[in-house]
file upload_15.pdb (PDB, C-alpha atoms and all ligand atoms)
MODEL        1
ATOM      1  CA  MET I   4     -16.921 -13.649  42.409
ATOM      2  CA  THR I   5     -19.148 -11.963  44.997
ATOM      3  CA  GLY I   6     -17.639 -10.221  48.038
ATOM      4  CA  GLU I   7     -14.062  -9.325  48.935
ATOM      5  CA  PRO I   8     -11.499 -11.929  47.844
ATOM      6  CA  ILE I   9     -10.188 -14.278  50.509
ATOM      7  CA  LEU I  10      -6.884 -14.489  48.674
ATOM      8  CA  ASP I  11      -5.529 -11.865  46.312
ATOM      9  CA  VAL I  12      -2.250 -12.745  44.591
ATOM     10  CA  ARG I  13      -0.626  -9.919  42.682
ATOM     11  CA  ASP I  14       2.312 -10.197  40.261
ATOM     12  CA  LEU I  15       3.820 -13.093  42.218
ATOM     13  CA  THR I  16       7.315 -14.069  41.080
ATOM     14  CA  VAL I  17       9.328 -16.823  42.769
ATOM     15  CA  SER I  18      12.730 -18.201  41.834
ATOM     16  CA  HIS I  19      14.661 -21.308  42.809
ATOM     17  CA  GLY I  20      18.230 -20.108  42.373
ATOM     18  CA  GLY I  21      18.374 -18.866  38.790
ATOM     19  CA  LEU I  22      15.146 -20.596  37.733
ATOM     20  CA  ILE I  23      11.954 -18.509  37.671
ATOM     21  CA  ALA I  24       9.366 -21.046  38.894
ATOM     22  CA  VAL I  25       6.413 -18.636  39.240
ATOM     23  CA  ASP I  26       6.398 -15.701  36.870
ATOM     24  CA  ASP I  27       4.271 -12.593  37.423
ATOM     25  CA  LEU I  28       1.223 -14.576  38.508
ATOM     26  CA  SER I  29      -1.981 -12.810  39.593
ATOM     27  CA  PHE I  30      -5.253 -14.430  40.613
ATOM     28  CA  GLN I  31      -7.882 -14.361  43.349
ATOM     29  CA  VAL I  32      -9.932 -16.802  45.381
ATOM     30  CA  GLY I  33     -13.323 -15.526  46.503
ATOM     31  CA  PRO I  34     -15.571 -16.477  49.406
ATOM     32  CA  ARG I  35     -17.107 -19.958  49.017
ATOM     33  CA  GLN I  36     -15.142 -20.557  45.825
ATOM     34  CA  ILE I  37     -13.251 -23.618  44.667
ATOM     35  CA  VAL I  38     -10.467 -22.399  42.396
ATOM     36  CA  GLY I  39      -8.263 -24.790  40.442
ATOM     37  CA  LEU I  40      -4.581 -24.235  39.662
ATOM     38  CA  ILE I  41      -3.410 -26.643  36.993
ATOM     39  CA  GLY I  42      -0.477 -27.036  34.634
ATOM     40  CA  PRO I  43       2.067 -29.606  33.439
ATOM     41  CA  ASN I  44       4.719 -31.175  35.691
ATOM     42  CA  GLY I  45       7.168 -28.492  36.793
ATOM     43  CA  ALA I  46       4.766 -25.638  35.915
ATOM     44  CA  GLY I  47       5.176 -24.066  39.363
ATOM     45  CA  LYS I  48       2.004 -25.182  41.180
ATOM     46  CA  THR I  49       3.680 -26.520  44.341
ATOM     47  CA  THR I  50       6.058 -23.544  44.384
ATOM     48  CA  CYS I  51       3.007 -21.310  44.307
ATOM     49  CA  ILE I  52       1.408 -23.126  47.286
ATOM     50  CA  ASP I  53       4.766 -23.108  49.126
ATOM     51  CA  THR I  54       5.006 -19.343  48.650
ATOM     52  CA  LEU I  55       1.409 -18.537  49.564
ATOM     53  CA  THR I  56       1.725 -20.520  52.799
ATOM     54  CA  GLY I  57       5.142 -19.132  53.771
ATOM     55  CA  PHE I  58       7.381 -22.142  53.088
ATOM     56  CA  THR I  59       9.222 -20.385  50.225
ATOM     57  CA  ALA I  60      10.125 -16.703  49.920
ATOM     58  CA  LEU I  61       8.806 -14.644  47.046
ATOM     59  CA  LYS I  62      11.033 -12.578  44.788
ATOM     60  CA  ARG I  63       8.417 -10.004  43.774
ATOM     61  CA  GLY I  64       4.703  -9.409  44.224
ATOM     62  CA  ARG I  65       2.078  -9.223  46.945
ATOM     63  CA  ILE I  66      -0.073 -11.734  48.749
ATOM     64  CA  LEU I  67      -3.194 -10.387  50.450
ATOM     65  CA  PHE I  68      -5.228 -12.683  52.694
ATOM     66  CA  LEU I  69      -8.581 -11.320  53.902
ATOM     67  CA  GLY I  70      -7.409  -7.935  52.661
ATOM     68  CA  GLN I  71      -4.165  -7.890  54.664
ATOM     69  CA  PRO I  72      -0.631  -8.324  53.248
ATOM     70  CA  ILE I  73       0.871 -11.547  54.619
ATOM     71  CA  ASP I  74       4.187 -11.646  52.734
ATOM     72  CA  GLY I  75       6.119 -11.037  55.961
ATOM     73  CA  LEU I  76       4.344 -13.670  58.096
ATOM     74  CA  PRO I  77       5.937 -17.066  58.821
ATOM     75  CA  ALA I  78       4.065 -20.255  57.852
ATOM     76  CA  HIS I  79       2.638 -20.970  61.324
ATOM     77  CA  ALA I  80       1.230 -17.438  61.612
ATOM     78  CA  ARG I  81      -0.461 -17.795  58.203
ATOM     79  CA  ALA I  82      -1.981 -21.119  59.310
ATOM     80  CA  ARG I  83      -3.249 -19.502  62.506
ATOM     81  CA  ILE I  84      -5.190 -16.863  60.556
ATOM     82  CA  GLY I  85      -6.808 -19.507  58.371
ATOM     83  CA  LEU I  86      -4.464 -20.179  55.432
ATOM     84  CA  VAL I  87      -3.790 -23.919  55.599
ATOM     85  CA  ARG I  88      -2.238 -26.393  53.144
ATOM     86  CA  THR I  89      -1.757 -30.057  52.457
ATOM     87  CA  PHE I  90       1.476 -31.476  51.059
ATOM     88  CA  GLN I  91       2.014 -33.358  47.810
ATOM     89  CA  SER I  92       4.020 -35.884  49.896
ATOM     90  CA  LEU I  93       1.322 -35.880  52.680
ATOM     91  CA  GLU I  94       3.915 -35.420  55.486
ATOM     92  CA  LEU I  95       1.908 -37.485  57.997
ATOM     93  CA  PHE I  96       3.459 -38.311  61.384
ATOM     94  CA  ASP I  97       3.721 -42.092  61.147
ATOM     95  CA  ASP I  98       4.766 -42.490  64.789
ATOM     96  CA  LEU I  99       1.477 -40.904  65.912
ATOM     97  CA  SER I 100      -2.051 -42.290  65.581
ATOM     98  CA  VAL I 101      -4.531 -40.802  63.112
ATOM     99  CA  ARG I 102      -6.271 -38.996  65.984
ATOM    100  CA  GLU I 103      -2.946 -37.590  67.254
ATOM    101  CA  ASN I 104      -2.098 -36.396  63.735
ATOM    102  CA  LEU I 105      -5.295 -34.342  63.836
ATOM    103  CA  LEU I 106      -4.769 -33.117  67.404
ATOM    104  CA  VAL I 107      -1.417 -31.637  66.361
ATOM    105  CA  SER I 108      -3.129 -29.200  64.030
ATOM    106  CA  ALA I 109      -6.333 -28.575  66.024
ATOM    107  CA  SER I 110      -6.726 -24.950  67.032
ATOM    108  CA  THR I 111      -5.015 -23.879  70.243
ATOM    109  CA  PRO I 112      -7.452 -23.407  73.145
ATOM    110  CA  THR I 113      -8.343 -19.853  74.149
ATOM    111  CA  TRP I 114      -8.909 -18.829  77.785
ATOM    112  CA  ARG I 115     -12.626 -18.760  76.980
ATOM    113  CA  SER I 116     -12.686 -22.341  75.567
ATOM    114  CA  THR I 117     -10.539 -23.551  78.489
ATOM    115  CA  LEU I 118     -13.061 -22.101  80.946
ATOM    116  CA  THR I 119     -16.020 -23.571  79.042
ATOM    117  CA  ASP I 120     -14.256 -26.961  78.844
ATOM    118  CA  MET I 121     -14.221 -27.167  82.646
ATOM    119  CA  PHE I 122     -17.985 -27.745  82.513
ATOM    120  CA  ARG I 123     -17.920 -30.220  79.636
ATOM    121  CA  ALA I 124     -17.099 -33.897  79.450
ATOM    122  CA  LYS I 125     -14.732 -33.400  76.472
ATOM    123  CA  PRO I 126     -12.435 -30.464  75.637
ATOM    124  CA  ALA I 127     -13.301 -28.459  72.521
ATOM    125  CA  VAL I 128     -10.263 -29.719  70.571
ATOM    126  CA  ASP I 129     -11.284 -33.352  71.106
ATOM    127  CA  ARG I 130     -14.816 -32.618  69.933
ATOM    128  CA  GLN I 131     -13.396 -30.806  66.909
ATOM    129  CA  VAL I 132     -11.169 -33.804  66.061
ATOM    130  CA  ASP I 133     -14.091 -36.239  66.544
ATOM    131  CA  ALA I 134     -16.277 -34.143  64.250
ATOM    132  CA  VAL I 135     -13.711 -34.094  61.420
ATOM    133  CA  LEU I 136     -12.967 -37.824  61.835
ATOM    134  CA  ALA I 137     -16.707 -38.478  61.453
ATOM    135  CA  GLN I 138     -17.029 -36.039  58.534
ATOM    136  CA  LEU I 139     -14.344 -37.924  56.591
ATOM    137  CA  ASP I 140     -15.514 -41.368  57.732
ATOM    138  CA  LEU I 141     -12.253 -41.966  59.602
ATOM    139  CA  THR I 142     -13.626 -42.629  63.106
ATOM    140  CA  GLY I 143     -12.920 -46.352  62.859
ATOM    141  CA  LEU I 144      -9.278 -45.655  61.965
ATOM    142  CA  ALA I 145      -8.621 -43.057  64.683
ATOM    143  CA  ASP I 146      -6.255 -45.239  66.735
ATOM    144  CA  ARG I 147      -4.352 -46.729  63.791
ATOM    145  CA  SER I 148      -0.929 -45.568  62.641
ATOM    146  CA  PRO I 149      -1.090 -43.791  59.256
ATOM    147  CA  SER I 150       1.606 -46.191  58.003
ATOM    148  CA  SER I 151      -0.891 -49.091  58.287
ATOM    149  CA  LEU I 152      -3.466 -47.386  56.038
ATOM    150  CA  SER I 153      -4.083 -47.502  52.288
ATOM    151  CA  ASN I 154      -2.906 -44.635  50.103
ATOM    152  CA  GLY I 155      -6.502 -43.392  49.776
ATOM    153  CA  GLN I 156      -6.996 -43.428  53.550
ATOM    154  CA  ARG I 157      -3.668 -41.615  54.083
ATOM    155  CA  HIS I 158      -4.831 -38.873  51.714
ATOM    156  CA  LEU I 159      -8.015 -38.518  53.749
ATOM    157  CA  VAL I 160      -6.008 -38.243  56.981
ATOM    158  CA  ALA I 161      -3.904 -35.452  55.434
ATOM    159  CA  LEU I 162      -7.102 -33.668  54.429
ATOM    160  CA  ALA I 163      -8.638 -34.223  57.877
ATOM    161  CA  ARG I 164      -5.551 -32.820  59.576
ATOM    162  CA  ALA I 165      -5.859 -29.668  57.470
ATOM    163  CA  LEU I 166      -9.614 -29.329  58.077
ATOM    164  CA  VAL I 167      -9.344 -29.653  61.820
ATOM    165  CA  ALA I 168      -7.585 -26.272  61.856
ATOM    166  CA  ARG I 169     -10.852 -24.812  60.450
ATOM    167  CA  PRO I 170      -9.180 -23.021  57.527
ATOM    168  CA  LYS I 171     -10.770 -20.101  55.724
ATOM    169  CA  LEU I 172      -8.723 -21.106  52.691
ATOM    170  CA  LEU I 173      -7.338 -24.590  52.157
ATOM    171  CA  LEU I 174      -4.646 -25.160  49.540
ATOM    172  CA  LEU I 175      -4.672 -28.762  48.362
ATOM    173  CA  ASP I 176      -1.609 -30.117  46.551
ATOM    174  CA  GLU I 177      -2.665 -33.189  44.543
ATOM    175  CA  PRO I 178      -5.213 -34.629  47.006
ATOM    176  CA  ALA I 179      -6.292 -37.260  44.446
ATOM    177  CA  ALA I 180      -2.805 -38.561  43.583
ATOM    178  CA  GLY I 181      -2.926 -42.348  43.663
ATOM    179  CA  LEU I 182      -6.664 -42.538  44.476
ATOM    180  CA  ASP I 183      -8.816 -44.975  42.502
ATOM    181  CA  PRO I 184     -11.854 -43.594  40.595
ATOM    182  CA  ALA I 185     -14.296 -44.471  43.407
ATOM    183  CA  GLU I 186     -12.093 -42.743  46.008
ATOM    184  CA  THR I 187     -11.716 -39.714  43.721
ATOM    185  CA  ASN I 188     -15.507 -39.494  43.401
ATOM    186  CA  GLU I 189     -15.884 -39.562  47.180
ATOM    187  CA  LEU I 190     -13.240 -36.844  47.458
ATOM    188  CA  LYS I 191     -15.127 -34.809  44.857
ATOM    189  CA  ASP I 192     -18.345 -35.001  46.897
ATOM    190  CA  LEU I 193     -16.503 -34.064  50.064
ATOM    191  CA  LEU I 194     -14.686 -31.060  48.534
ATOM    192  CA  ARG I 195     -17.986 -29.706  47.205
ATOM    193  CA  THR I 196     -19.328 -29.488  50.780
ATOM    194  CA  LEU I 197     -16.429 -27.421  52.138
ATOM    195  CA  PRO I 198     -17.186 -23.908  50.786
ATOM    196  CA  GLU I 199     -20.650 -23.882  52.397
ATOM    197  CA  ALA I 200     -18.998 -24.890  55.676
ATOM    198  CA  GLY I 201     -16.743 -21.809  55.448
ATOM    199  CA  THR I 202     -13.617 -23.132  53.709
ATOM    200  CA  SER I 203     -12.687 -21.870  50.237
ATOM    201  CA  LEU I 204     -10.296 -24.045  48.237
ATOM    202  CA  LEU I 205      -7.322 -23.661  45.952
ATOM    203  CA  LEU I 206      -7.050 -27.061  44.306
ATOM    204  CA  VAL I 207      -3.955 -28.363  42.512
ATOM    205  CA  ASP I 208      -4.400 -31.744  40.860
ATOM    206  CA  HIS I 209      -3.623 -33.609  37.669
ATOM    207  CA  ASP I 210      -6.940 -35.490  37.773
ATOM    208  CA  MET I 211      -9.022 -33.541  35.273
ATOM    209  CA  SER I 212     -12.292 -35.238  36.241
ATOM    210  CA  LEU I 213     -11.778 -33.887  39.765
ATOM    211  CA  VAL I 214     -10.650 -30.386  38.782
ATOM    212  CA  LEU I 215     -13.224 -29.898  36.022
ATOM    213  CA  GLY I 216     -15.895 -31.471  38.249
ATOM    214  CA  VAL I 217     -15.536 -29.331  41.386
ATOM    215  CA  CYS I 218     -13.950 -25.979  40.468
ATOM    216  CA  ASP I 219     -15.891 -22.766  39.921
ATOM    217  CA  LEU I 220     -12.886 -21.247  38.169
ATOM    218  CA  ILE I 221      -9.600 -22.672  36.891
ATOM    219  CA  HIS I 222      -6.239 -20.989  36.284
ATOM    220  CA  VAL I 223      -3.737 -22.727  34.052
ATOM    221  CA  ILE I 224      -0.010 -22.085  34.356
ATOM    222  CA  ASP I 225       2.867 -23.204  32.187
ATOM    223  CA  PHE I 226       6.501 -22.369  33.012
ATOM    224  CA  GLY I 227       5.158 -20.342  35.959
ATOM    225  CA  ARG I 228       3.048 -18.052  33.777
ATOM    226  CA  LEU I 229      -0.720 -17.818  33.594
ATOM    227  CA  ILE I 230      -1.824 -19.045  30.157
ATOM    228  CA  ALA I 231      -5.597 -19.297  30.678
ATOM    229  CA  SER I 232      -8.323 -18.614  33.241
ATOM    230  CA  GLY I 233     -11.989 -19.500  33.124
ATOM    231  CA  PRO I 234     -14.773 -21.796  34.211
ATOM    232  CA  PRO I 235     -14.326 -25.548  33.562
ATOM    233  CA  ALA I 236     -16.371 -25.514  30.338
ATOM    234  CA  GLU I 237     -14.009 -22.926  28.810
ATOM    235  CA  ILE I 238     -10.802 -24.504  30.097
ATOM    236  CA  ARG I 239     -11.786 -27.897  28.721
ATOM    237  CA  THR I 240     -11.887 -26.510  25.171
ATOM    238  CA  ASN I 241      -9.179 -23.813  25.377
ATOM    239  CA  PRO I 242      -6.630 -24.590  22.606
ATOM    240  CA  ALA I 243      -3.651 -23.200  24.594
ATOM    241  CA  VAL I 244      -4.568 -25.419  27.544
ATOM    242  CA  ILE I 245      -4.999 -28.483  25.363
ATOM    243  CA  ALA I 246      -1.625 -27.831  23.744
ATOM    244  CA  ALA I 247       0.195 -27.198  27.026
ATOM    245  CA  TYR I 248      -1.482 -29.659  29.277
ATOM    246  CA  LEU I 249      -4.563 -31.682  28.521
ATOM    247  CA  GLY I 250      -2.979 -33.209  25.441
ATOM    248  CA  GLN I 251       0.114 -34.393  27.251
ATOM    249  CA  GLU I 252       0.529 -37.589  29.203
ATOM    250  CA  HIS I 253       1.450 -36.252  32.630
ATOM    251  CA  GLN I 254       3.805 -37.953  35.072
ATOM    252  CA  PRO I 255       2.164 -37.904  38.518
TER     253      PRO I 255
HETATM  254  N1  LIG I 301      13.671 -26.642  45.810
HETATM  255  C1  LIG I 301      13.881 -26.456  44.521
HETATM  256  N2  LIG I 301      15.104 -26.095  44.041
HETATM  257  C2  LIG I 301      15.305 -25.885  42.729
HETATM  258  N3  LIG I 301      14.359 -26.003  41.783
HETATM  259  C3  LIG I 301      13.126 -26.362  42.202
HETATM  260  C4  LIG I 301      12.820 -26.603  43.578
HETATM  261  N4  LIG I 301      11.508 -26.934  43.680
HETATM  262  C5  LIG I 301      11.007 -26.903  42.432
HETATM  263  N5  LIG I 301      11.976 -26.562  41.539
HETATM  264  C6  LIG I 301      11.793 -26.361  40.093
HETATM  265  O1  LIG I 301      10.819 -25.333  39.960
HETATM  266  C7  LIG I 301       9.929 -25.631  38.905
HETATM  267  C8  LIG I 301       8.515 -25.687  39.438
HETATM  268  O2  LIG I 301       8.403 -26.843  40.271
HETATM  269  P1  LIG I 301       7.069 -27.179  41.077
HETATM  270  O3  LIG I 301       7.404 -28.311  41.978
HETATM  271  O4  LIG I 301       6.536 -25.942  41.679
HETATM  272  O5  LIG I 301       6.110 -27.674  39.891
HETATM  273  P2  LIG I 301       4.686 -28.380  39.943
HETATM  274  O6  LIG I 301       3.816 -27.611  39.007
HETATM  275  O7  LIG I 301       4.236 -28.529  41.337
HETATM  276  O8  LIG I 301       4.998 -29.816  39.308
HETATM  277  P3  LIG I 301       4.330 -31.268  39.586
HETATM  278  O9  LIG I 301       3.035 -31.277  38.797
HETATM  279  O10 LIG I 301       5.321 -32.231  39.015
HETATM  280  O11 LIG I 301       4.133 -31.425  41.063
HETATM  281  C9  LIG I 301      10.419 -26.941  38.266
HETATM  282  O12 LIG I 301      11.251 -26.610  37.188
HETATM  283  C10 LIG I 301      11.198 -27.590  39.394
HETATM  284  O13 LIG I 301      12.204 -28.429  38.873
HETATM  285 MG    MG I 302       3.806 -30.137  42.543
ENDMDL
END
call {"tool": "encode", "arguments": {"input": "upload_15.pdb", "output": "C-alpha cells", "more": "lines below"}}
Ligand SMILES: Nc1ncnc2c1ncn2[C@@H]1O[C@H](COP(=O)(O)OP(=O)(O)OP(=O)(O)O)[C@@H](O)[C@H]1O
Ligand SMILES: [Mg+2]
result
Amino acid sequence: MTGEPILDVRDLTVSHGGLIAVDDLSFQVGPRQIVGLIGPNGAGKTTCIDTLTGFTALKRGRILFLGQPIDGLPAHARARIGLVRTFQSLELFDDLSVRENLLVSASTPTWRSTLTDMFRAKPAVDRQVDAVLAQLDLTGLADRSPSSLSNGQRHLVALARALVARPKLLLLDEPAAGLDPAETNELKDLLRTLPEAGTSLLLVDHDMSLVLGVCDLIHVIDFGRLIASGPPAEIRTNPAVIAAYLGQEHQP
C-alpha cells in the first residue's frame, strides 16, 4: 500500500448479545485499493460493515478513517465524510423512481454550489445523478420503480445510489448476489474503474471469480477472526482458506 490508509481498523471486536461476531480484527484499506473481505456464512462480514459504517456499536477497538477516529460518529456523519455502504438486502425505496433513489443520497448543496446553480440550467445534484446513471448504463431506467426491475438492475441501482454520494471508501455487501455470469463480469469491469475515480473499495462477496478478479488484497475471516491475508494468487492456494471457505458449498 502506498500513502496513508483511507481506513485503518484496529483490534475491532463486536458482539451480538453473548456472541462475538467480529473478534480482534485489524486491517487497512489504502488509497486506490480494492480490498476483499471474505469468509463463510456467519463469519462476521456484514457485522464488520455495519460497525465500520456506524449501524452497529463496537465492543472494543478503533476505527480510523482518513487518519481520524470515527467510532463516536453516527452513520449519517460517516457517510457525509465519505464512508458509504451498500446493503446485502439492497434497501431500495420501491415507492420512489430510480432517479429519486439516487437523489436521496446525492450530496447536499453548499452555499457555493447553490450560487453557481443559479447560472446553470441544471442544479449540481441533478448533473451528478445524471452522470452516475450514465456511468452505470441506467439512464433508460431512471423513471422506473426499482420494484419493476430485474435483480441485476436492482443491484446496479443500489450501487449507483452509493456512488452518487461520491464516497472515498465504498463498502459493498454482496453486490454480485443473484447476478448471472455476464452481469458479474460487467460489475467486475465497473468496480475496477472506481479506484482511479477516487473511490477505494471494501468488497464482501461469495463470488470468488469477482473477488479474486478485482481485489488487490484479500482478508479472510472465520468466526470473526482473521485467518489469512494476501493477494488473490496467495489466497486462492492458502490451505487454511480452502479448508474454511473455498472448499465449502456456501449458502448465499
Ligand atoms: N442482529 C443480530 N443479532 C444476533 N446475532 C446476529 C445478528 N446479526 C448477525 N448475527 C450473528 O453474528 C454472526 C455474524 O453474522 P454476519 O451477518 O455478520 O455474517 P456474514 O459473514 O455477513 O454472513 P453471510 O455470508 O451469511 O452474509 C452470525 O453468527 C450471525 O448469526
Ligand atoms: Mg452478510
call {"tool": "closest_residue", "arguments": {"input": "upload_15.pdb", "among": "I:Glu7, I:Asp14, I:Asp27, I:Asp53", "to": "I:Leu174", "atoms": "only C-alpha atoms"}}
result
I:Asp53
call {"tool": "closest_residue", "arguments": {"input": "upload_15.pdb", "among": "I:Pro149, I:Gly70, I:Gly47, I:Gly155", "to": "ligand LIG 301 (chain I)", "atoms": "all atoms listed in the file"}}
result
I:Gly47
call {"tool": "closest_residue", "arguments": {"input": "upload_15.pdb", "among": "I:Leu220, I:Ile52, I:Ala24, I:Ala78", "to": "ligand LIG 301 (chain I)", "atoms": "only C-alpha atoms and all ligand atoms"}}
result
I:Ala24
call {"tool": "residues_around", "arguments": {"input": "upload_15.pdb", "residues": "I:Leu99", "least_positions_apart": "6", "cutoff": "10 Å", "atoms": "all atoms listed in the file", "output": "PyMOL selection string"}}
result
chain I and resi 105+107+146-150
call {"tool": "closest_atom_pairs", "arguments": {"input": "upload_15.pdb", "of": "stretch 59-106 of chain I", "to": "stretch 132-137 of chain I", "cutoff": "12 Å", "atoms": "all atoms listed in the file", "output": "Markdown table"}}
result
| residue | atom | partner | partner_atom | distance |
| --- | --- | --- | --- | --- |
| I:Val101 | CA | I:Leu136 | CA | 9.0 |
| I:Arg102 | CA | I:Val132 | CA | 7.1 |
| I:Glu103 | CA | I:Val132 | CA | 9.1 |
| I:Asn104 | CA | I:Val132 | CA | 9.7 |
| I:Leu105 | CA | I:Val132 | CA | 6.3 |
| I:Leu106 | CA | I:Val132 | CA | 6.6 |
call {"tool": "residues_around", "arguments": {"input": "upload_15.pdb", "residues": "I:Pro34", "least_positions_apart": "2", "cutoff": "8 Å", "atoms": "all atoms listed in the file", "output": "list in words"}}
result
Met4, Thr5, Gly6, Glu7, Pro8, Ile9, Val32, Gln36, Pro198 and Ser203 of chain I
call {"tool": "axis_aligned_box", "arguments": {"input": "upload_15.pdb", "around": "ligand LIG 301 (chain I)", "padding_each_side": "4 Å", "output": "JSON"}}
result
{"center_x": 9.2, "center_y": -28.8, "center_z": 41.5, "size_x": 20.3, "size_y": 14.9, "size_z": 16.6}
call {"tool": "resolve_selection", "arguments": {"input": "upload_15.pdb", "expression": "the PyMOL selection byres (((chain I and resi 240-246) around 10) and not hetatm)", "output": "number ranges by chain"}}
result
I: 41-43, 222-225, 230-233, 235-239, 247-251
call {"tool": "residues_near_ligand", "arguments": {"input": "upload_15.pdb", "ligand": "ligand MG 302 (chain I)", "cutoff": "9 Å", "atoms": "only C-alpha atoms and all ligand atoms", "output": "JSON, numbers by chain"}}
result
{"I": [44, 45, 46, 47, 48, 49, 50, 52, 90, 91, 176, 177, 207, 208, 255]}
call {"tool": "closest_residue", "arguments": {"input": "upload_15.pdb", "among": "I:Leu206, I:Ala168, I:Leu213, I:Leu141", "to": "ligand LIG 301 (chain I)", "atoms": "all atoms listed in the file"}}
result
I:Leu206
call {"tool": "closest_residue", "arguments": {"input": "upload_15.pdb", "among": "I:Leu193, I:Leu159, I:Leu166, I:Leu175", "to": "ligand LIG 301 (chain I)", "atoms": "all atoms listed in the file"}}
result
I:Leu175
call {"tool": "closest_residue", "arguments": {"input": "upload_15.pdb", "among": "I:Asp210, I:Glu94, I:Asp219, I:Asp11", "to": "I:Gln31", "atoms": "all atoms listed in the file"}}
result
I:Asp11
call {"tool": "atom_distance", "arguments": {"input": "upload_15.pdb", "atom1": "atom CA of I:Lys171", "atom2": "atom CA of I:Lys191"}}
result
18.8 Å
call {"tool": "atom_distance", "arguments": {"input": "upload_15.pdb", "atom1": "atom N4 of ligand LIG 301 (chain I)", "atom2": "atom CA of I:Gly64"}}
result
18.8 Å
call {"tool": "resolve_selection", "arguments": {"input": "upload_15.pdb", "expression": "the PyMOL selection byres (((chain I and resi 58) around 12) and not hetatm)", "output": "ChimeraX atom specification"}}
result
/I:17,49-57,59-61,74-82,87-88,90
call {"tool": "atom_distance", "arguments": {"input": "upload_15.pdb", "atom1": "atom CA of I:Leu172", "atom2": "atom CA of I:Leu152"}}
result
27.0 Å
call {"tool": "resolve_selection", "arguments": {"input": "upload_15.pdb", "expression": "the PyMOL selection byres (((chain I and resi 13) around 7) and not hetatm)", "output": "list in words"}}
result
Asp11, Val12, Asp14, Leu15, Leu28, Ser29, Phe30, Gly64, Arg65 and Ile66 of chain I
call {"tool": "residues_around", "arguments": {"input": "upload_15.pdb", "residues": "I:Leu205", "least_positions_apart": "4", "cutoff": "7 Å", "atoms": "all atoms listed in the file", "output": "MDAnalysis selection string"}}
result
chainID I and resid 37:40 173:175
call {"tool": "build_atoms", "arguments": {"input": "upload_15.pdb", "residues": "stretch 164-177 of chain I", "atoms": "N, CA and C atoms", "output": "PDB file, in the frame of the given file"}}
result
ATOM      1  N   ARG I 164      -6.464 -33.603  58.735  1.00  0.00           N
ATOM      2  CA  ARG I 164      -5.551 -32.820  59.576  1.00  0.00           C
ATOM      3  C   ARG I 164      -5.613 -31.344  59.208  1.00  0.00           C
ATOM      4  N   ALA I 165      -5.754 -31.071  57.894  1.00  0.00           N
ATOM      5  CA  ALA I 165      -5.859 -29.668  57.470  1.00  0.00           C
ATOM      6  C   ALA I 165      -7.202 -29.075  57.896  1.00  0.00           C
ATOM      7  N   LEU I 166      -8.272 -29.862  57.783  1.00  0.00           N
ATOM      8  CA  LEU I 166      -9.614 -29.329  58.077  1.00  0.00           C
ATOM      9  C   LEU I 166      -9.835 -29.051  59.551  1.00  0.00           C
ATOM     10  N   VAL I 167      -9.137 -29.809  60.393  1.00  0.00           N
ATOM     11  CA  VAL I 167      -9.344 -29.653  61.820  1.00  0.00           C
ATOM     12  C   VAL I 167      -8.872 -28.270  62.296  1.00  0.00           C
ATOM     13  N   ALA I 168      -8.027 -27.636  61.525  1.00  0.00           N
ATOM     14  CA  ALA I 168      -7.585 -26.272  61.856  1.00  0.00           C
ATOM     15  C   ALA I 168      -8.634 -25.233  61.448  1.00  0.00           C
ATOM     16  N   ARG I 169      -9.760 -25.690  60.899  1.00  0.00           N
ATOM     17  CA  ARG I 169     -10.852 -24.812  60.450  1.00  0.00           C
ATOM     18  C   ARG I 169     -10.360 -23.690  59.533  1.00  0.00           C
ATOM     19  N   PRO I 170      -9.738 -24.055  58.408  1.00  0.00           N
ATOM     20  CA  PRO I 170      -9.180 -23.021  57.527  1.00  0.00           C
ATOM     21  C   PRO I 170     -10.252 -22.187  56.829  1.00  0.00           C
ATOM     22  N   LYS I 171      -9.900 -20.931  56.565  1.00  0.00           N
ATOM     23  CA  LYS I 171     -10.770 -20.101  55.724  1.00  0.00           C
ATOM     24  C   LYS I 171     -10.431 -20.375  54.266  1.00  0.00           C
ATOM     25  N   LEU I 172      -9.147 -20.699  54.034  1.00  0.00           N
ATOM     26  CA  LEU I 172      -8.723 -21.106  52.691  1.00  0.00           C
ATOM     27  C   LEU I 172      -7.803 -22.308  52.839  1.00  0.00           C
ATOM     28  N   LEU I 173      -8.146 -23.376  52.118  1.00  0.00           N
ATOM     29  CA  LEU I 173      -7.338 -24.590  52.157  1.00  0.00           C
ATOM     30  C   LEU I 173      -6.698 -24.785  50.787  1.00  0.00           C
ATOM     31  N   LEU I 174      -5.373 -24.957  50.795  1.00  0.00           N
ATOM     32  CA  LEU I 174      -4.646 -25.160  49.540  1.00  0.00           C
ATOM     33  C   LEU I 174      -4.276 -26.636  49.459  1.00  0.00           C
ATOM     34  N   LEU I 175      -4.825 -27.308  48.469  1.00  0.00           N
ATOM     35  CA  LEU I 175      -4.672 -28.762  48.362  1.00  0.00           C
ATOM     36  C   LEU I 175      -3.714 -29.100  47.226  1.00  0.00           C
ATOM     37  N   ASP I 176      -2.591 -29.763  47.580  1.00  0.00           N
ATOM     38  CA  ASP I 176      -1.609 -30.117  46.551  1.00  0.00           C
ATOM     39  C   ASP I 176      -1.766 -31.592  46.179  1.00  0.00           C
ATOM     40  N   GLU I 177      -2.431 -31.846  45.088  1.00  0.00           N
ATOM     41  CA  GLU I 177      -2.665 -33.189  44.543  1.00  0.00           C
ATOM     42  C   GLU I 177      -3.351 -34.141  45.542  1.00  0.00           C
TER      43      GLU I 177
END
